[in-house]
Amino acid sequence: MADTAMKSIGGVLARQGILVAFILFMVGFTLWNPRFIDPDNVFGVIRSSAILGVMALGVTFVVIGGNLDLSVGSMLSFSAIVVLDLHENPAFGPALAIPAMFALTLCLGAINGFLIGYLRLNSLIVTLGMLSAIHGLTLTWSGGQNMDIANQNETWFGVFGRGSALGVPIPVLIFIGLAAILGILLGKTPFGRKVYAVGGNGTAATFSGIPRARVVFITYLVSAFCVATAGLIQASRTMGAQNTVGQGLELEVLAAVILGGASLLGGSGTIFKTVIGVLILGFIQNGLLLAGLEFYVQFVVTWIIIILAVWLDIATKRGKLWSPIA
Amino acid sequence: MTDQKPALRLEGIVKTFPGVRALDGVSFAVQPGEVHALMGENGAGKSTLMKVLGGIYQPEEGRIFIDERETVMRGPLEAKANGVMFIHQELSLAEEISVAENIYLGELPRKSFGRVDWDTLYSRTDAILEKLKVSFNARTRVGDLSIANQQMVEIARALTVDARAVIFDEPTASLTDAEKSVLFDVIADLKAQGVGIIYISHRMEEIFRITDRISVLRDGAYRGTLETAKTDEDEITRMMIGRSLDLTRRQAPATPGPVALRVEGLSCGDLFQDAHFEVREGEVLGFYGLVGAGRTEIAETLFGLRKPTSGRIFLKGEEVTITSPIDAIARGISLVPESRKEQGLVLGMNCRDNITLPQVGDLTAGPFVSDGAEISIYDQYRDRLQIKSPSWRTTVGNLSGGNQQKIVIGKWLSMRPEVLIVDEPTRGIDVGSKSEIHNLLRELAKQGYAVIVISSEMPEVLHVSDRIVAMYHGRVMREFTAEEVTEDSLIQAISGIEGSAA
């Protein structure tokens with residue numbers, strides 16, 4: 001009797017481990033410092049996680065498809081710089097700057113997708129190369145200068161980053177809305193099913209008549225679309241940007257996706273889990289700040305937690321903690 | 001010969017896997033200086049037995065003796081330490097390093113401070129290579145060698161230890177005739193040194209050319225030992241094949257309908273050449289041949305996974321070009337592939353999603369996948385194929401091999417194909433599921449499907465096929481009807497024995 005109860009608890013932990021860990025973590029931190037659960041603090045964390053979160057939604061598609069996207073950080077810088085620059089260009093203005101920026105960012109995603117899907121190059125190499133190449137492209141575009149909106153009071157551009165509706169910040173609404181749409185795309189449509197099949201077993205997908213190259217290509221377009229959205233929020237919130245605004249974000253995004261439980265081998269993960277991963281990462285960093293630690297401590301702690309998460313995940317699958325390379 | 005102590009003796013070896021008794025009390029002995037053939041159908045237990053000898057599997061019962069000294073093999077290193085060496089069919093060499101390093105991997109000669117003694121390493125290796133009369137030397141990078149020469153490296157590795165028994169597992173599969181004679185000379189040398197040799201092969205001519213005795217396994221059991229000089233192919237074949245109850249030969253074939261698929265002069269590079277055959281609605285066409293004879297490659301070409309170099313394909317009399325699996329599926333061709341884990345299933349997905357995968361794009365309500373449509377397809381094929389799974393949500397990786405295979409078959413049946421190709425329908429599954437799948441294949445033919453079955457198991461081919469195509473080295477050697485085929489003629493055709501070609 002007790003044995004079955006233990007087993008079913010073990011089963012729940014194995015399946016929903018990340019959710020359980022999240023709840024325990026929240027309860028623990030709240031007991032330690034009640035301010036942690038204060039609505040202002042909670043909304044603050046969600047709002048500050050929105051940019052990372054929107055990017056993580058797209059990378060989730062790429063990772064479930066069995067690939068990596070390390071170019072999203074510098075792609076974010078690119079989209080923020082481009083939309084700000086075009087905003088200031090009298091020929092564009094905000095109404096044209098936004099679609100133009102989306103189109104250009106999607107082109108970058110298409111390059112990733114083409115090289116990885118149709119030329120079958122390794123995604124780590126391609127997106128690492130693109131990380132550097134896009135950074136160069138951004139600097140070329142901006143001439144190395146920061147971009148700022150000169151007359152910030154005369155544009156409606158700030159609404160995406162600073163606005164709110166019904167008391168909820170717009171970035172949070174965008175994050176939730178996009179998570180819902182992409183969650184349905186991944187979980188409920190034939191395309192989503194094909195992403196899981198391609199990442200889970202590419203050969204079997206080919207043998208089932210699934211156009212693997214096209215599926216992989218589209219996952220990179222989804223990723224680029226999410227980056228463009230995040231870049232819009234970023235640019236709109238600060239009304240200005242440095243060329244390096246997205247630097248290092250690619251690893252944080254990947255961390256959130258892994259924390260959510262998507263396997264880097266592909267074929268598993270969900271949008272919901274990624275959202276949880278994003279929130280965990282956000283709340284950890286927030287908790288450390290509330291604890292009075294310097295912000296750079298978060299880099300260390302974040303990575304310890306991620307490695308623990310990966311270890312526990314793989315240990316559950318293998319059924320043992322200690323398993324040296326044989 | 002028999003008054004000598006055997007170099008290697010096995011006694012009552014038993015090894016079981018869940019649901020299968022893979023080895024059922026196998027005993028036999030190899031004398032020093034003897035070449036002993038081990039024969040049996042695929043799945044008879046040869047490779048399991050070799051894994052027991054190599055220390056990869058531990059037997060539940062039985063004993064192994066080397067020079068009449070009882071020995072327990074707990075791992076590959078222990079097998080080697082006891083003088084048991086393997087020449088594997090699949091090569092296990094590191095391509096980026098030299099021949100010498102491969103041969104002495106893990107026991108490189110050392111100088112002071114642990115530095116490798118390259119001079120000794122190369123001179124020792126060259127001494128061994130000289131015996132093998134090969135055209136490369138100790139310094140050659142293994143990746144630059146042909147497959148045959150890589151095999152020679154494996155053999156050289158076996159010669160470095162004082163071997164008591166050397167096991168050759170299908171060593172000639174990728175060798176030319178000239179390379180074969182070198183190999184046979186090496187075997188003769190080993191024999192002269194008093195080493196016991198186990199030689200596993202399907203090729204009768206080789207068996208008669210080099211072996212002294214032949215032991216036969218069938219269904220995991222030892223069936224006896226013959227003296228090569230006093231036997232013939234017929235006797236060996238009869239011993240190898242035997243018959244289980246459910247594998248009776250097909251009686252009068254069903255009356256087939258119109259031609260569903262016709263292939264004329266189909267070739268694909270070196271893989272297969274000039275294949276002609278047709279399959280009618282309501283019949284099962286069997287393809288039989290050794291691994292590597294080109295059967296799977298023909299199936300993959302028909303399914304659009306390979307591009308033919310010449311030849312024509314007709315579906316219902318109309319010539320077609322098939323350039324991709326998407327194309328093949330649209331034209332009503334389904335392929336249940338050879339390897340269900342690598343090619344057939346997404347193991348981490350549930351049962352339902354695996355079955356509906358090829359048609360998920362059509363099972364929609366608006367833009368969304370229709371749960372109801374998917375579940376009804378799953379239910380239909382679960383009942384029809386008697387798939388035993390707790391629920392459609394069960395991850396396919398958790399099912400037994402037989403049920404996994406049924407999922408793959410269900411996946412392709414649910415496409416309602418004109419032509420159903422099944423490659424190795426029962427590989428690695430238990431006996432019960434085997435006969436269910438055989439019955440299903442017959443049933444499908446009766447319902448009017450045109451079915452192609454590719455198999456390496458002769459009883460299976462004989463049991464399910466109305467006609468049988470025998471292949472050897474990429475060529476269709478002969479086509480048999482169910483009435484005229486005999487085991488002997490089939491074995492001859494797939495062994496490339498002259499005079500059997502039609």
# chains A, B, ... in the order shown; residues from 1 in each chain; ligands from 1
>>> residues_around(residues="Trp392 of chain B", least_positions_apart="6", cutoff="8 Å", atoms="only C-alpha atoms", output="PyMOL selection string")
chain B and resi 350-352+375+378
>>> closest_atom_pairs(of="chain B", to="chain A", cutoff="10 Å", atoms="only C-alpha atoms", output="tab-separated table")
residue	atom	partner	partner_atom	distance
B:Glu300	CA	A:Phe207	CA	9.5
B:Phe303	CA	A:Phe207	CA	8.6
B:Gly304	CA	A:Phe207	CA	9.6
B:Leu305	CA	A:Phe207	CA	8.2
B:Ser324	CA	A:Gly209	CA	7.7
B:Pro325	CA	A:Gly209	CA	4.9
B:Ile326	CA	A:Gly209	CA	4.4
B:Asp327	CA	A:Gly209	CA	8.1
B:Ala328	CA	A:Gly209	CA	8.4
B:Ile329	CA	A:Gly209	CA	7.1
B:Ala330	CA	A:Gly209	CA	9.3
B:Ser334	CA	A:Ser208	CA	9.1
B:Leu335	CA	A:Phe207	CA	7.9
B:Val336	CA	A:Phe207	CA	8.9
B:Pro337	CA	A:Phe207	CA	7.9
B:Ser339	CA	A:Ala204	CA	9.6
B:Arg340	CA	A:Ala204	CA	8.5
B:Lys341	CA	A:Ala204	CA	8.3
B:Glu342	CA	A:Ala204	CA	6.4
B:Gln343	CA	A:Ala204	CA	4.2
B:Gly344	CA	A:Ala204	CA	5.2
B:Leu345	CA	A:Ala204	CA	5.7
B:Val346	CA	A:Asn201	CA	5.3
B:Leu347	CA	A:Gly200	CA	7.5
B:Gly348	CA	A:Gly200	CA	6.6
B:Met349	CA	A:Gly200	CA	7.8
B:Asp353	CA	A:Arg193	CA	8.1
B:Asn354	CA	A:Ala197	CA	8.7
B:Ile355	CA	A:Ser208	CA	10.0
B:Thr356	CA	A:Ser208	CA	9.6
B:Leu357	CA	A:Ser208	CA	6.7
B:Pro358	CA	A:Ser208	CA	4.9
B:Gln359	CA	A:Ser208	CA	8.6
B:Val360	CA	A:Pro190	CA	5.7
B:Gly361	CA	A:Pro190	CA	5.1
B:Asp362	CA	A:Pro190	CA	8.3
B:Leu363	CA	A:Pro190	CA	8.3
B:Thr364	CA	A:Pro190	CA	7.9
B:Ala365	CA	A:Thr189	CA	9.7
B:Gly366	CA	A:Thr189	CA	9.5
B:Pro367	CA	A:Thr189	CA	6.4
B:Phe368	CA	A:Thr189	CA	4.6
B:Val369	CA	A:Thr189	CA	5.1
B:Ser370	CA	A:Lys188	CA	8.4
B:Asp371	CA	A:Lys188	CA	9.0
B:Lys411	CA	A:Ser208	CA	9.1
B:Trp412	CA	A:Ser208	CA	8.9
>>> residues_around(residues="Leu96 of chain A", least_positions_apart="2", cutoff="12 Å", atoms="only C-alpha atoms", output="list in words")
Val82, Val83, Leu84, Asp85, Leu86, His87, Glu88, Asn89, Pro90, Ala91, Phe92, Gly93, Pro94, Ile98, Pro99, Ala100, Met101, Phe102, Ala103 and Phe157 of chain A
>>> write_last_selection(atoms="N, CA and C atoms", output="PDB file, in the first residue's frame")
ATOM      1  N   VAL A  82      17.335  47.822 -35.659  1.00  0.00           N
ATOM      2  CA  VAL A  82      16.703  48.096 -36.956  1.00  0.00           C
ATOM      3  C   VAL A  82      15.378  48.823 -36.773  1.00  0.00           C
ATOM      4  N   VAL A  83      14.564  48.356 -35.830  1.00  0.00           N
ATOM      5  CA  VAL A  83      13.240  48.986 -35.698  1.00  0.00           C
ATOM      6  C   VAL A  83      13.396  50.431 -35.195  1.00  0.00           C
ATOM      7  N   LEU A  84      14.384  50.664 -34.340  1.00  0.00           N
ATOM      8  CA  LEU A  84      14.596  52.027 -33.843  1.00  0.00           C
ATOM      9  C   LEU A  84      15.111  52.933 -34.961  1.00  0.00           C
ATOM     10  N   ASP A  85      16.039  52.406 -35.744  1.00  0.00           N
ATOM     11  CA  ASP A  85      16.602  53.207 -36.824  1.00  0.00           C
ATOM     12  C   ASP A  85      15.538  53.561 -37.859  1.00  0.00           C
ATOM     13  N   LEU A  86      14.737  52.563 -38.225  1.00  0.00           N
ATOM     14  CA  LEU A  86      13.694  52.835 -39.227  1.00  0.00           C
ATOM     15  C   LEU A  86      12.622  53.766 -38.663  1.00  0.00           C
ATOM     16  N   HIS A  87      12.370  53.641 -37.374  1.00  0.00           N
ATOM     17  CA  HIS A  87      11.413  54.537 -36.712  1.00  0.00           C
ATOM     18  C   HIS A  87      11.820  55.983 -36.894  1.00  0.00           C
ATOM     19  N   GLU A  88      13.122  56.234 -36.806  1.00  0.00           N
ATOM     20  CA  GLU A  88      13.643  57.592 -36.924  1.00  0.00           C
ATOM     21  C   GLU A  88      13.743  58.044 -38.378  1.00  0.00           C
ATOM     22  N   ASN A  89      13.624  57.073 -39.295  1.00  0.00           N
ATOM     23  CA  ASN A  89      13.725  57.392 -40.717  1.00  0.00           C
ATOM     24  C   ASN A  89      12.380  57.936 -41.193  1.00  0.00           C
ATOM     25  N   PRO A  90      12.354  59.193 -41.689  1.00  0.00           N
ATOM     26  CA  PRO A  90      11.082  59.805 -42.056  1.00  0.00           C
ATOM     27  C   PRO A  90      10.325  59.007 -43.127  1.00  0.00           C
ATOM     28  N   ALA A  91      11.063  58.277 -43.946  1.00  0.00           N
ATOM     29  CA  ALA A  91      10.399  57.493 -44.994  1.00  0.00           C
ATOM     30  C   ALA A  91       9.604  56.317 -44.411  1.00  0.00           C
ATOM     31  N   PHE A  92       9.932  55.904 -43.184  1.00  0.00           N
ATOM     32  CA  PHE A  92       9.237  54.764 -42.574  1.00  0.00           C
ATOM     33  C   PHE A  92       8.267  55.199 -41.480  1.00  0.00           C
ATOM     34  N   GLY A  93       8.817  55.659 -40.372  1.00  0.00           N
ATOM     35  CA  GLY A  93       7.967  55.941 -39.224  1.00  0.00           C
ATOM     36  C   GLY A  93       7.543  54.634 -38.579  1.00  0.00           C
ATOM     37  N   PRO A  94       6.911  54.710 -37.398  1.00  0.00           N
ATOM     38  CA  PRO A  94       6.619  53.486 -36.648  1.00  0.00           C
ATOM     39  C   PRO A  94       5.759  52.484 -37.423  1.00  0.00           C
ATOM     40  N   ILE A  98       7.920  48.710 -38.114  1.00  0.00           N
ATOM     41  CA  ILE A  98       7.679  47.427 -37.440  1.00  0.00           C
ATOM     42  C   ILE A  98       7.588  46.274 -38.458  1.00  0.00           C
ATOM     43  N   PRO A  99       6.704  46.365 -39.482  1.00  0.00           N
ATOM     44  CA  PRO A  99       6.684  45.248 -40.452  1.00  0.00           C
ATOM     45  C   PRO A  99       8.017  45.069 -41.174  1.00  0.00           C
ATOM     46  N   ALA A 100       8.722  46.169 -41.452  1.00  0.00           N
ATOM     47  CA  ALA A 100      10.007  46.031 -42.146  1.00  0.00           C
ATOM     48  C   ALA A 100      10.999  45.264 -41.277  1.00  0.00           C
ATOM     49  N   MET A 101      11.012  45.594 -39.975  1.00  0.00           N
ATOM     50  CA  MET A 101      11.921  44.896 -39.058  1.00  0.00           C
ATOM     51  C   MET A 101      11.558  43.410 -38.974  1.00  0.00           C
ATOM     52  N   PHE A 102      10.254  43.113 -38.912  1.00  0.00           N
ATOM     53  CA  PHE A 102       9.840  41.702 -38.861  1.00  0.00           C
ATOM     54  C   PHE A 102      10.319  40.969 -40.114  1.00  0.00           C
ATOM     55  N   ALA A 103      10.175  41.607 -41.274  1.00  0.00           N
ATOM     56  CA  ALA A 103      10.569  40.953 -42.521  1.00  0.00           C
ATOM     57  C   ALA A 103      12.071  40.665 -42.522  1.00  0.00           C
ATOM     58  N   PHE A 157       4.952  54.449 -30.323  1.00  0.00           N
ATOM     59  CA  PHE A 157       5.801  53.267 -30.378  1.00  0.00           C
ATOM     60  C   PHE A 157       6.029  52.625 -29.004  1.00  0.00           C
TER      61      PHE A 157
END
>>> residues_around(residues="segment 102-118 of chain B", least_positions_apart="6", cutoff="9 Å", atoms="only C-alpha atoms", output="VMD selection string")
chain B and resid 93 to 95 125 142 153 to 154 156 to 158 160
>>> residues_around(residues="Thr140 of chain B", least_positions_apart="3", cutoff="7 Å", atoms="only C-alpha atoms", output="ChimeraX atom specification")
/B:98-99,136-137
>>> select_by_dssp(residues="segment 63-304 of chain A", states="helix (DSSP H, G or I)", output="JSON, numbers by chain")
{"A": [63, 64, 72, 73, 74, 75, 76, 77, 78, 79, 80, 81, 82, 83, 84, 85, 86, 87, 88, 93, 94, 95, 96, 97, 98, 99, 100, 101, 102, 103, 104, 105, 106, 107, 108, 109, 110, 111, 112, 113, 114, 115, 116, 117, 118, 123, 124, 125, 126, 127, 128, 129, 130, 131, 132, 133, 134, 135, 136, 137, 138, 139, 140, 141, 142, 152, 153, 154, 159, 160, 161, 162, 170, 171, 172, 173, 174, 175, 176, 177, 178, 179, 180, 181, 182, 183, 184, 185, 186, 187, 188, 190, 191, 192, 193, 194, 195, 196, 197, 198, 199, 200, 202, 203, 204, 205, 206, 207, 212, 213, 214, 215, 216, 217, 218, 219, 220, 221, 222, 223, 224, 225, 226, 227, 228, 229, 230, 231, 232, 233, 234, 235, 236, 237, 238, 249, 250, 251, 252, 253, 254, 255, 256, 257, 258, 259, 271, 272, 273, 274, 275, 276, 277, 278, 279, 280, 281, 282, 283, 284, 285, 286, 287, 288, 289, 290, 297, 298, 299, 300, 301, 302, 303, 304]}
>>> closest_residue(among="B:Val161, B:Ala482, B:Val453, B:Leu10", to="Ala81 of chain B", atoms="only C-alpha atoms")
B:Val161
>>> closest_residue(among="B:His473, B:Arg393, B:Arg223, B:Lys191", to="Asp274 of chain B", atoms="only C-alpha atoms")
B:His473
>>> residues_around(residues="Ile307 of chain A", least_positions_apart="5", cutoff="12 Å", atoms="only C-alpha atoms", output="PyMOL selection string")
chain A and resi 255-256+258-259+261+300-302+312-315
>>> residues_around(residues="Ile37 of chain A", least_positions_apart="6", cutoff="9 Å", atoms="only C-alpha atoms", output="number ranges by chain")
A: 26-27, 29-30
>>> write_last_selection(atoms="all heavy atoms", output="compact mmCIF listing (two decimals), in the first residue's frame")
# COMPACT_ATOMS: atom_id res chain seq x y z
N MET A 26 8.89 28.26 -4.73
CA MET A 26 8.09 29.45 -4.42
C MET A 26 7.71 29.46 -2.95
O MET A 26 7.83 30.49 -2.28
CB MET A 26 6.81 29.48 -5.28
CG MET A 26 7.05 29.67 -6.76
SD MET A 26 7.84 31.22 -7.19
CE MET A 26 6.50 32.37 -6.94
N VAL A 27 7.27 28.32 -2.44
CA VAL A 27 6.85 28.24 -1.04
C VAL A 27 8.04 28.54 -0.14
O VAL A 27 7.96 29.36 0.80
CB VAL A 27 6.25 26.85 -0.73
CG1 VAL A 27 6.04 26.68 0.78
CG2 VAL A 27 4.94 26.66 -1.47
N PHE A 29 10.86 30.22 -0.72
CA PHE A 29 11.29 31.61 -0.75
C PHE A 29 10.30 32.53 -0.04
O PHE A 29 10.67 33.49 0.63
CB PHE A 29 11.48 32.08 -2.20
CG PHE A 29 12.93 32.27 -2.55
CD1 PHE A 29 13.66 31.28 -3.18
CD2 PHE A 29 13.57 33.46 -2.21
CE1 PHE A 29 14.99 31.46 -3.48
CE2 PHE A 29 14.91 33.64 -2.51
CZ PHE A 29 15.63 32.64 -3.15
N THR A 30 8.99 32.20 -0.17
CA THR A 30 7.97 33.03 0.47
C THR A 30 8.07 32.94 1.99
O THR A 30 7.94 33.94 2.70
CB THR A 30 6.58 32.58 0.01
OG1 THR A 30 6.57 32.59 -1.40
CG2 THR A 30 5.51 33.53 0.53
>>> select_by_dssp(residues="segment 186-331 of chain B", states="strand (DSSP E or B)", output="ChimeraX atom specification")
/B:196-200,213-218,221-227,259-268,272-280,284-289,310-315,318-320
>>> write_last_selection(atoms="N, CA and C atoms", output="short mmCIF file (atom, residue, chain, number, x, y, z; two decimals), in the first residue's frame")
data_model
loop_
_atom_site.label_atom_id
_atom_site.label_comp_id
_atom_site.auth_asym_id
_atom_site.auth_seq_id
_atom_site.Cartn_x
_atom_site.Cartn_y
_atom_site.Cartn_z
N GLY B 196 41.82 -23.63 -32.49
CA GLY B 196 40.48 -24.07 -32.87
C GLY B 196 39.74 -22.91 -33.51
N ILE B 197 39.06 -23.17 -34.63
CA ILE B 197 38.41 -22.08 -35.36
C ILE B 197 36.92 -22.36 -35.51
N ILE B 198 36.13 -21.35 -35.16
CA ILE B 198 34.69 -21.44 -35.43
C ILE B 198 34.40 -20.52 -36.61
N TYR B 199 33.76 -21.08 -37.62
CA TYR B 199 33.54 -20.33 -38.85
C TYR B 199 32.04 -20.24 -39.10
N ILE B 200 31.51 -19.00 -39.02
CA ILE B 200 30.08 -18.81 -39.22
C ILE B 200 29.86 -18.27 -40.62
N ARG B 213 34.32 -29.85 -39.75
CA ARG B 213 33.04 -30.34 -39.25
C ARG B 213 32.03 -29.20 -39.23
N ILE B 214 30.76 -29.54 -39.12
CA ILE B 214 29.69 -28.55 -39.17
C ILE B 214 28.72 -28.83 -38.03
N SER B 215 28.49 -27.83 -37.18
CA SER B 215 27.45 -27.97 -36.17
C SER B 215 26.29 -27.07 -36.54
N VAL B 216 25.08 -27.57 -36.29
CA VAL B 216 23.90 -26.84 -36.73
C VAL B 216 23.03 -26.46 -35.53
N LEU B 217 22.58 -25.21 -35.52
CA LEU B 217 21.63 -24.74 -34.52
C LEU B 217 20.29 -24.49 -35.21
N ARG B 218 19.23 -24.79 -34.51
CA ARG B 218 17.91 -24.40 -35.00
C ARG B 218 17.05 -24.02 -33.80
N ALA B 221 18.45 -24.42 -30.37
CA ALA B 221 18.86 -25.72 -29.88
C ALA B 221 19.92 -26.33 -30.80
N TYR B 222 20.81 -27.10 -30.20
CA TYR B 222 21.85 -27.79 -30.96
C TYR B 222 21.21 -28.97 -31.68
N ARG B 223 21.45 -29.09 -33.00
CA ARG B 223 20.80 -30.15 -33.77
C ARG B 223 21.77 -31.23 -34.21
N GLY B 224 23.05 -31.07 -33.91
CA GLY B 224 23.97 -32.12 -34.28
C GLY B 224 25.19 -31.61 -35.01
N THR B 225 26.17 -32.48 -35.15
CA THR B 225 27.40 -32.13 -35.83
C THR B 225 27.65 -33.12 -36.96
N LEU B 226 28.05 -32.60 -38.12
CA LEU B 226 28.30 -33.43 -39.29
C LEU B 226 29.77 -33.31 -39.67
N GLU B 227 30.32 -34.38 -40.25
CA GLU B 227 31.66 -34.26 -40.81
C GLU B 227 31.54 -33.73 -42.23
N VAL B 259 -2.55 -7.06 -62.10
CA VAL B 259 -1.21 -6.66 -61.67
C VAL B 259 -1.27 -5.29 -60.98
N ALA B 260 -0.79 -5.21 -59.75
CA ALA B 260 -0.80 -3.93 -59.03
C ALA B 260 0.49 -3.17 -59.29
N LEU B 261 1.60 -3.88 -59.29
CA LEU B 261 2.91 -3.24 -59.44
C LEU B 261 3.77 -4.09 -60.36
N ARG B 262 4.38 -3.43 -61.32
CA ARG B 262 5.29 -4.16 -62.22
C ARG B 262 6.59 -3.37 -62.30
N VAL B 263 7.71 -4.09 -62.25
CA VAL B 263 9.02 -3.45 -62.28
C VAL B 263 9.80 -4.05 -63.43
N GLU B 264 10.38 -3.18 -64.26
CA GLU B 264 11.12 -3.66 -65.43
C GLU B 264 12.54 -3.11 -65.44
N GLY B 265 13.50 -4.00 -65.34
CA GLY B 265 14.91 -3.62 -65.48
C GLY B 265 15.37 -2.57 -64.49
N LEU B 266 14.83 -2.62 -63.28
CA LEU B 266 15.16 -1.60 -62.29
C LEU B 266 16.58 -1.82 -61.73
N SER B 267 17.38 -0.76 -61.75
CA SER B 267 18.74 -0.83 -61.21
C SER B 267 18.99 0.37 -60.33
N CYS B 268 19.88 0.18 -59.36
CA CYS B 268 20.31 1.31 -58.56
C CYS B 268 21.79 1.10 -58.27
N PHE B 272 21.61 -2.98 -56.73
CA PHE B 272 20.91 -4.06 -57.42
C PHE B 272 20.79 -3.69 -58.88
N GLN B 273 20.70 -4.72 -59.73
CA GLN B 273 20.71 -4.47 -61.16
C GLN B 273 19.62 -5.26 -61.87
N ASP B 274 18.95 -4.58 -62.79
CA ASP B 274 18.10 -5.23 -63.76
C ASP B 274 17.04 -6.14 -63.11
N ALA B 275 16.33 -5.61 -62.14
CA ALA B 275 15.31 -6.40 -61.46
C ALA B 275 14.01 -6.37 -62.26
N HIS B 276 13.43 -7.54 -62.48
CA HIS B 276 12.11 -7.67 -63.10
C HIS B 276 11.21 -8.45 -62.15
N PHE B 277 10.04 -7.94 -61.89
CA PHE B 277 9.04 -8.74 -61.16
C PHE B 277 7.71 -8.00 -61.18
N GLU B 278 6.66 -8.71 -60.82
CA GLU B 278 5.37 -8.05 -60.68
C GLU B 278 4.64 -8.65 -59.49
N VAL B 279 3.74 -7.88 -58.93
CA VAL B 279 2.93 -8.41 -57.85
C VAL B 279 1.47 -8.05 -58.14
N ARG B 280 0.58 -9.04 -57.94
CA ARG B 280 -0.84 -8.87 -58.26
C ARG B 280 -1.63 -8.60 -57.00
N VAL B 284 0.82 -12.63 -52.15
CA VAL B 284 2.01 -12.23 -51.43
C VAL B 284 3.23 -12.64 -52.26
N LEU B 285 4.06 -11.65 -52.58
CA LEU B 285 5.31 -11.93 -53.29
C LEU B 285 6.43 -11.88 -52.27
N GLY B 286 7.15 -13.00 -52.11
CA GLY B 286 8.24 -13.05 -51.14
C GLY B 286 9.56 -12.69 -51.80
N PHE B 287 10.41 -11.98 -51.07
CA PHE B 287 11.78 -11.72 -51.52
C PHE B 287 12.71 -12.40 -50.54
N TYR B 288 13.55 -13.30 -51.05
CA TYR B 288 14.46 -14.02 -50.16
C TYR B 288 15.89 -13.86 -50.66
N GLY B 289 16.81 -13.73 -49.74
CA GLY B 289 18.22 -13.60 -50.10
C GLY B 289 19.00 -13.28 -48.85
N SER B 310 18.31 3.15 -63.49
CA SER B 310 17.58 2.87 -64.72
C SER B 310 16.41 1.97 -64.38
N GLY B 311 15.54 1.76 -65.39
CA GLY B 311 14.42 0.86 -65.18
C GLY B 311 13.10 1.61 -65.07
N ARG B 312 12.02 0.85 -65.12
CA ARG B 312 10.70 1.46 -65.11
C ARG B 312 9.81 0.81 -64.06
N ILE B 313 8.92 1.61 -63.50
CA ILE B 313 7.99 1.13 -62.48
C ILE B 313 6.58 1.43 -62.96
N PHE B 314 5.71 0.43 -62.92
CA PHE B 314 4.32 0.62 -63.33
C PHE B 314 3.40 0.31 -62.16
N LEU B 315 2.47 1.22 -61.89
CA LEU B 315 1.44 0.97 -60.88
C LEU B 315 0.12 0.85 -61.61
N GLU B 318 0.22 1.83 -65.20
CA GLU B 318 0.62 3.18 -65.59
C GLU B 318 2.04 3.44 -65.11
N GLU B 319 2.91 3.92 -65.99
CA GLU B 319 4.29 4.14 -65.59
C GLU B 319 4.37 5.33 -64.63
N VAL B 320 5.15 5.17 -63.58
CA VAL B 320 5.27 6.25 -62.59
C VAL B 320 6.73 6.51 -62.27
#
>>> decode(residues="segment 214-220 of chain A", atoms="N, CA, C and O atoms", output="JSON list (two decimals), in the first residue's frame")
[["chain", "number", "residue", "atom", "x", "y", "z"],
["A", 214, "ARG", "N", 11.53, 21.01, -44.61],
["A", 214, "ARG", "CA", 10.58, 22.11, -44.50],
["A", 214, "ARG", "C", 10.18, 22.34, -43.04],
["A", 214, "ARG", "O", 10.06, 23.48, -42.59],
["A", 215, "VAL", "N", 9.99, 21.25, -42.31],
["A", 215, "VAL", "CA", 9.59, 21.38, -40.91],
["A", 215, "VAL", "C", 10.69, 22.12, -40.13],
["A", 215, "VAL", "O", 10.41, 23.06, -39.37],
["A", 216, "VAL", "N", 11.95, 21.72, -40.34],
["A", 216, "VAL", "CA", 13.06, 22.37, -39.64],
["A", 216, "VAL", "C", 13.14, 23.85, -40.04],
["A", 216, "VAL", "O", 13.30, 24.73, -39.20],
["A", 217, "PHE", "N", 12.99, 24.10, -41.34],
["A", 217, "PHE", "CA", 13.02, 25.46, -41.84],
["A", 217, "PHE", "C", 11.99, 26.32, -41.11],
["A", 217, "PHE", "O", 12.28, 27.42, -40.63],
["A", 218, "ILE", "N", 10.78, 25.81, -40.99],
["A", 218, "ILE", "CA", 9.71, 26.59, -40.36],
["A", 218, "ILE", "C", 10.00, 26.83, -38.88],
["A", 218, "ILE", "O", 9.71, 27.90, -38.35],
["A", 219, "THR", "N", 10.62, 25.84, -38.19],
["A", 219, "THR", "CA", 10.91, 26.08, -36.77],
["A", 219, "THR", "C", 11.84, 27.29, -36.61],
["A", 219, "THR", "O", 11.70, 28.05, -35.66],
["A", 220, "TYR", "N", 12.76, 27.48, -37.56],
["A", 220, "TYR", "CA", 13.64, 28.65, -37.47],
["A", 220, "TYR", "C", 12.90, 29.94, -37.80],
["A", 220, "TYR", "O", 13.24, 31.00, -37.28]]
